[in-house]
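J.: Structure provided below as structure tokens; questions to follow.
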Amino acid sequence: MTAASTVQGVIGTEFSGYRYQTVPTTDRAGNSIEVLKQVEVYKNLSGDVVNYTTGEVFVSVTGVVSGEQFNHSEDQKKRQGLNSIVFEKGSGISTIVDYYSHNSGVENVNLNARPINPTLTSGAGFIVDSDKIADSFNVYVSGLYKSPDAKNIIPSNASFSSYTNGSDGFQTGTYTFNNVMTGQSYTFDPVGLKISSYRETAHPQSSVGIALSGSVHGEDVVNQTDPITVIPKLNNVIIFHKTPTSAADRFTNFPVKLTPVYSHDYKVLGSGQFHPVSSFGTDANELVVDYTDGSEPVLHHNFNHHQDSAVTTFDGSGYLNKDLYLDGVKLFSGSDFDKFGGKLRLKKSIPAAGNKNLFFVPRPNSSFTMASGSLNSNLVTVDTTKKLLNEMVWRQGRREKKRFDYDTYLQGGKFAPNGEVSTLATTGVYHIFSGQAGTGFFNIRLTSVQDNAV
């Protein structure tokens, strides 16, 4: 193409009206007659027509020509990100909205689940609708976090170090683990003593144990071959391996599993399936699922005591960089807990009633932006300062499901936040259509603005 020009021309036709004309026909008696018939009339539609001229043009370029760099992650968020969260229902009070926005597109959050039929080995359960199959995920039912069956919390890279010789002819290697809390229950299982593949050479006098009060000597030491429930006396335990000094007895895999003791809500069946063991209900629309990579375990703490003005400190690094849920409700970073001196401090007041379950839950992804905002009373829209991409949203600590509890729009676009109509009521649901005068924007979304009973 060497040139282009714009002229007025015919770009199509449009309906203009009707006219009547006589047409020949034959009546029932076989006589030729003429009748009137209604005929549609169209007229030409004028508009700009661009005429292109093609040919060969040779261009001489001097200097250095560099190609345009395309940053997929930044461009994706810039082009596809939206910055207005619109909820299905309003609230009679001001509520906190907590949201994460990923820096690039992800495929492991806001997943749907569908029911599956019972099998010979399990009752009815759910399977995650995703092209990606994983067996480590976070599950929410009606906004509340649900706990999976407990797993071993000892990391895969754990090993015994600093073997020292004792006067009794034995050498001892130790491993100190800080991701435990005093007063909590754990299952100690020296599984490696029963599986020959765990070690290169077996020795009949080799043993492993766990120290609950900071010393491998004394009465607070458990040394046996079968699983047993233990309760640490400190915020750490020392797992040790004791073997004769003459034995070259080293474990190829860490021989101990340590599993928190708590009542779980579902059991992972494999291949993206899970089986509820508590009251999930049967409505898959109430479920939200996020996949995690399984590299970090879920940690648990049971509050059977009252916490008011004091704080509880969790020493282990495994408590950091996770989301916290107290009885299924998400806690807010900064106000409910924070990081101080490399440790997590829980500042949330815990009622005296006790038996509150606190879970430290791995996040689906490590690269995201965390923010929060306030949802004004009786309104349904929160405008974010930055564009959202594959966001995760909580309202007053409860996880919201996209396209069921909320959706995202371009601020000032198809849904006009400033044109919202708020209403106060104590009963019923009010469906409001509203627009923003003079802008051409209108709310095509059916908005449910409700009351303080929400």
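Naming scheme: A, B, ... for chains in displayed order of the structure tokens; residues 1 onward per chain; ligands 1 onward as shown.
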Within 9 Å of stretch 244-265 of chain A, which residues of stretch 301-373 of chain A show up? Give each one with its shortest atom-to-atom distance in Å (one decimal) and the two atoms involved, counting only C-alpha atoms, rows by chain then rising residue number, as JSON lines.

T.:
{"residue": "A:His301", "atom": "CA", "partner": "A:Pro260", "partner_atom": "CA", "distance": 8.7}
{"residue": "A:Asn302", "atom": "CA", "partner": "A:Tyr262", "partner_atom": "CA", "distance": 8.2}
{"residue": "A:Asn357", "atom": "CA", "partner": "A:Tyr262", "partner_atom": "CA", "distance": 8.6}

J.: Hey, can you spit out that residue selection with C-alpha atoms as a CSV table (one decimal), in the first residue's frame?

T.:
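Full text of selection38.csv as output:
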chain,number,residue,atom,x,y,z
A,301,HIS,CA,-2.8,-24.2,66.3
A,302,ASN,CA,-5.7,-24.9,68.7
A,357,ASN,CA,-8.8,-23.5,65.4

J.: Would you pick out the contacts of A:Val39 at 9 Å or less, using only C-alpha atoms, so that residues sharing its chain but fewer than 5 positions from it are not included, and give the list as a count of residues only?

T.: 5

J.: Counting only C-alpha atoms, which residue out of A:Gly218, A:Thr13, A:His203, A:Phe368 sits closest to A:Tyr42?

T.: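 Comparing A:Gly218, A:Thr13, A:His203, A:Phe368 against A:Tyr42, the winner is A:Thr13.
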
J.: Would you mind writing down, as a ChimeraX atom specification, each residue of stretch 177-272 of chain A that DSSP on the backbone assigns to strand (DSSP E or B)?

T.: /A:177,186-189,199,207-211,221-222,228-230,237-244,251,257-260,266-270

J.: Neighbouring residues of stretch 295-297 of chain A were defined as those with any atom within 7 Å, considering only C-alpha atoms; residues of the same chain fewer than 2 positions away were excluded. Please report them as a PyMOL selection string.

T.: chain A and resi 153+293+299+362

J.: Identify, on the basis of only C-alpha atoms, every residue whose closest approach to stretch 163-177 of chain A does not exceed 7 Å; exclude the query and any residue fewer than 6 positions from it along the same chain; express the result as a PyMOL selection string.

T.: chain A and resi 236-245

J.: Counting only C-alpha atoms, which of A:Ser130, A:Asn138, A:Ser91, A:Asn117 gets nearest to A:Val268?

T.: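 Using only C-alpha atoms, the shortest distance to A:Val268 belongs to A:Asn138.
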
J.: What's around A:Thr292 at 8 Å? Count only C-alpha atoms, leave out sequence neighbours fewer than 4 positions away in its own chain, and write the answer as a list in words.

T.: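 Using only C-alpha atoms, the neighbours found are Asn108, Ala134, Ser136, Phe137, Asn138, Pro362, Arg363, Pro364 and Asn365 of chain A.
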
J.: Taking N, CA and C atoms for each residue, export the selection above as a compact mmCIF listing (two decimals), in the first residue's frame.

T.:
# COMPACT_ATOMS: atom_id res chain seq x y z
N ASN A 108 -4.57 -21.25 38.62
CA ASN A 108 -4.79 -22.12 39.78
C ASN A 108 -5.63 -21.47 40.88
N ALA A 134 -3.93 -31.42 40.50
CA ALA A 134 -3.08 -31.33 41.69
C ALA A 134 -3.82 -31.94 42.87
N SER A 136 -3.02 -30.83 46.13
CA SER A 136 -2.82 -29.93 47.25
C SER A 136 -3.58 -28.65 46.93
N PHE A 137 -4.65 -28.38 47.68
CA PHE A 137 -5.45 -27.21 47.37
C PHE A 137 -6.10 -26.65 48.62
N ASN A 138 -6.57 -25.41 48.47
CA ASN A 138 -7.32 -24.74 49.53
C ASN A 138 -8.79 -24.72 49.13
N PRO A 362 -0.81 -22.20 53.09
CA PRO A 362 0.03 -21.72 51.97
C PRO A 362 -0.80 -20.99 50.93
N ARG A 363 -0.22 -19.94 50.37
CA ARG A 363 -0.90 -19.20 49.30
C ARG A 363 -0.68 -19.91 47.96
N PRO A 364 -1.63 -19.78 47.04
CA PRO A 364 -1.49 -20.47 45.76
C PRO A 364 -0.29 -20.01 44.95
N ASN A 365 0.08 -18.72 45.07
CA ASN A 365 1.19 -18.17 44.29
C ASN A 365 1.97 -17.19 45.15

J.: Neighbouring residues of A:Gly281 were defined as those with any atom within 12 Å, considering only C-alpha atoms; residues of the same chain fewer than 6 positions away were excluded. Please report them as an MDAnalysis selection string.

T.: chainID A and resid 115 124:126 141:142 265 275 287

J.: Next, the residues of the selection above should be written as an mmCIF file, in the first residue's frame with N, CA and C atoms.

T.:
data_model
loop_
_atom_site.group_PDB
_atom_site.id
_atom_site.type_symbol
_atom_site.label_atom_id
_atom_site.label_comp_id
_atom_site.auth_asym_id
_atom_site.auth_seq_id
_atom_site.Cartn_x
_atom_site.Cartn_y
_atom_site.Cartn_z
ATOM 1 N N PRO A 115 -19.695 -32.151 41.731
ATOM 2 C CA PRO A 115 -19.866 -33.389 42.496
ATOM 3 C C PRO A 115 -19.499 -34.612 41.659
ATOM 4 N N ALA A 124 -19.633 -39.910 48.253
ATOM 5 C CA ALA A 124 -19.724 -38.856 47.241
ATOM 6 C C ALA A 124 -18.780 -37.717 47.602
ATOM 7 N N GLY A 125 -18.152 -37.152 46.600
ATOM 8 C CA GLY A 125 -17.212 -36.070 46.841
ATOM 9 C C GLY A 125 -17.253 -35.060 45.724
ATOM 10 N N PHE A 126 -16.129 -34.381 45.512
ATOM 11 C CA PHE A 126 -16.027 -33.357 44.487
ATOM 12 C C PHE A 126 -14.738 -33.552 43.705
ATOM 13 N N VAL A 141 -15.962 -23.167 51.592
ATOM 14 C CA VAL A 141 -17.380 -23.475 51.460
ATOM 15 C C VAL A 141 -18.163 -22.330 52.092
ATOM 16 N N SER A 142 -19.022 -21.703 51.287
ATOM 17 C CA SER A 142 -19.776 -20.519 51.729
ATOM 18 C C SER A 142 -18.848 -19.474 52.325
ATOM 19 N N ASP A 265 -11.798 -31.359 57.625
ATOM 20 C CA ASP A 265 -13.087 -31.238 56.949
ATOM 21 C C ASP A 265 -13.193 -32.089 55.692
ATOM 22 N N HIS A 275 -12.932 -35.689 49.312
ATOM 23 C CA HIS A 275 -14.134 -36.261 49.909
ATOM 24 C C HIS A 275 -14.438 -35.560 51.231
ATOM 25 N N LEU A 287 -18.674 -23.685 46.604
ATOM 26 C CA LEU A 287 -17.266 -24.025 46.754
ATOM 27 C C LEU A 287 -16.364 -23.139 45.914
#

J.: Could you write out, as a ChimeraX atom specification, all the residues of stretch 71-199 of chain A that DSSP marks as helix (DSSP H, G or I)?

T.: /A:72-80,191-193,196-198

J.: Write to file, as a PDB file, in the first residue's frame, the residues of the selection just made, with C-alpha atoms.

T.:
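New file part38.pdb:
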ATOM      1  CA  HIS A  72       3.719 -10.313  28.228  1.00  0.00           C
ATOM      2  CA  SER A  73       3.101 -10.101  31.977  1.00  0.00           C
ATOM      3  CA  GLU A  74       2.865  -6.325  32.167  1.00  0.00           C
ATOM      4  CA  ASP A  75       0.889  -6.063  28.941  1.00  0.00           C
ATOM      5  CA  GLN A  76      -1.572  -8.736  30.078  1.00  0.00           C
ATOM      6  CA  LYS A  77      -2.417  -6.894  33.261  1.00  0.00           C
ATOM      7  CA  LYS A  78      -2.530  -3.553  31.443  1.00  0.00           C
ATOM      8  CA  ARG A  79      -4.878  -4.806  28.752  1.00  0.00           C
ATOM      9  CA  GLN A  80      -7.006  -7.294  30.662  1.00  0.00           C
ATOM     10  CA  VAL A 191       8.498 -44.623  59.889  1.00  0.00           C
ATOM     11  CA  GLY A 192      12.089 -45.008  58.657  1.00  0.00           C
ATOM     12  CA  LEU A 193      12.871 -47.711  61.200  1.00  0.00           C
ATOM     13  CA  SER A 196      14.623 -50.683  54.678  1.00  0.00           C
ATOM     14  CA  SER A 197      14.835 -48.298  51.734  1.00  0.00           C
ATOM     15  CA  TYR A 198      15.142 -45.354  54.102  1.00  0.00           C
TER      16      TYR A 198
END

J.: Could you name the residues that touch A:Ser317 at 8 Å or less, counting only C-alpha atoms, but leaving out those on the same chain fewer than 4 positions away, as a ChimeraX atom specification?

T.: /A:178-179,342-343

J.: Quick one: write out the picked residues with C-alpha atoms as an mmCIF file, in the first residue's frame?

T.:
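Saved result, result-v6.cif, follows:
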data_model
loop_
_atom_site.group_PDB
_atom_site.id
_atom_site.type_symbol
_atom_site.label_atom_id
_atom_site.label_comp_id
_atom_site.auth_asym_id
_atom_site.auth_seq_id
_atom_site.Cartn_x
_atom_site.Cartn_y
_atom_site.Cartn_z
ATOM 1 C CA ASN A 178 10.775 -24.891 65.046
ATOM 2 C CA ASN A 179 7.397 -25.099 63.272
ATOM 3 C CA GLY A 342 11.562 -12.598 62.040
ATOM 4 C CA LYS A 343 8.639 -14.193 63.888
#
